[in-house]
Structures are given as structure tokens and as C-alpha cells.
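Student: Sharing a structure here in C-alpha cells format.
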Amino acid sequence: MSDNLPAIPGMNHGVASTGSASSGLGFLALAGRTAKLAASALFLKEGMHLLRSHMQANATAALRLAEMCGQAEVEPRFTSMIEDVSTALTGVAEASGDMVNAADAVDTDARGFNNAHESEYRPGYEASNGSGVQQAKPGFYRRTGRRN
């Protein structure tokens, strides 16, 4: 992962930290992981935009070179190879556009999840922290004692 990601509460060097709970199921740990997912999606989206722009420029340059080779009467098989490269670069540019759409969807979904999680669980988190009573470890109440 990139060192350019913002600092996120509940995260310690990319690993969820929940204070006394080492399982990473705490309120801040989950919020931190989804915030990191959203930030990573934004970085991926930015990188894919740069890649698409670069590949489109290279495809255009290759096509221009193929046209110049045609005018210079270069052997047709070499001109054809250059045109194939241009087509392949255009394909990469289009695929990176698909990745931008996927990264955008991940970012949107992660932010939506984070907002829903925040509105659902923040009041309970604040109340338990403000009570002064030691709380059970995150995930304790989900255990039923049954083994799957």
C-alpha cells in the first residue's frame, strides 16, 4: 500500500488497532478499515486516470508513426506491427477506464457503508466509552458458544 494514504483513526501502520481488543472488531477499527478502503480506491482511480491518459497519448503517437511509415513506404509488415501496438495501447486505455469505474464504485460503497456504520453504532460507542464501565471485547456478544 502507499505511504500517501491519510492517517486514519483506529489504524496502526495499516493494521486495525482497537486498544485492548486485538481482534480488530472494534468500532474504530472497522471505520478505519473502510476509510482506508475508500482512500485506496481513490488512489487507484487517480492512477488509472493517469494510465489511461498515458496509453491514449502513446496509442495516438503509434498511429501517427504508422501513418508516417506508410508515407515513407516502409515495409508493410512493420507498419502493421506499429498499428497493432496502437490498437493494444488503445485497449489498455479502455480497460483502465473500466478500472476507474470499478474503483469509483468501491469508493462510493465504502463511504456509504462507513456512513451507515457511523450513524448506527456511533451513539452506542459514545455511550459505552462515556459510562466509565469496562466493556466486553468487541465481538463477545456475537459468540453463541456453538461451533460451526
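We name chains A, B, ... following the order of the C-alpha cells; residues begin at 1 in each chain, and ligands are numbered from 1 as shown.
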Skip A:Val92 itself and residues of its chain fewer than 2 positions away, then list as a ChimeraX atom specification all residues within 12 Å of it, counting only C-alpha atoms.
Tutor: /A:48-59,85-90,94-99
Student: For A:Arg64, which residue out of A:Asn129, A:Ile82, A:Gly47, A:Pro76 is the nearest one, using only C-alpha atoms?
Tutor: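 Checking each candidate against A:Arg64, we get A:Ile82 as the closest.
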Student: Within 8 Å of A:Leu37, counting only C-alpha atoms, which residues qualify if same-chain residues fewer than 3 places away don't, as JSON, numbers by chain?
Tutor: {"A": [33, 34, 40, 41, 106, 107, 110]}
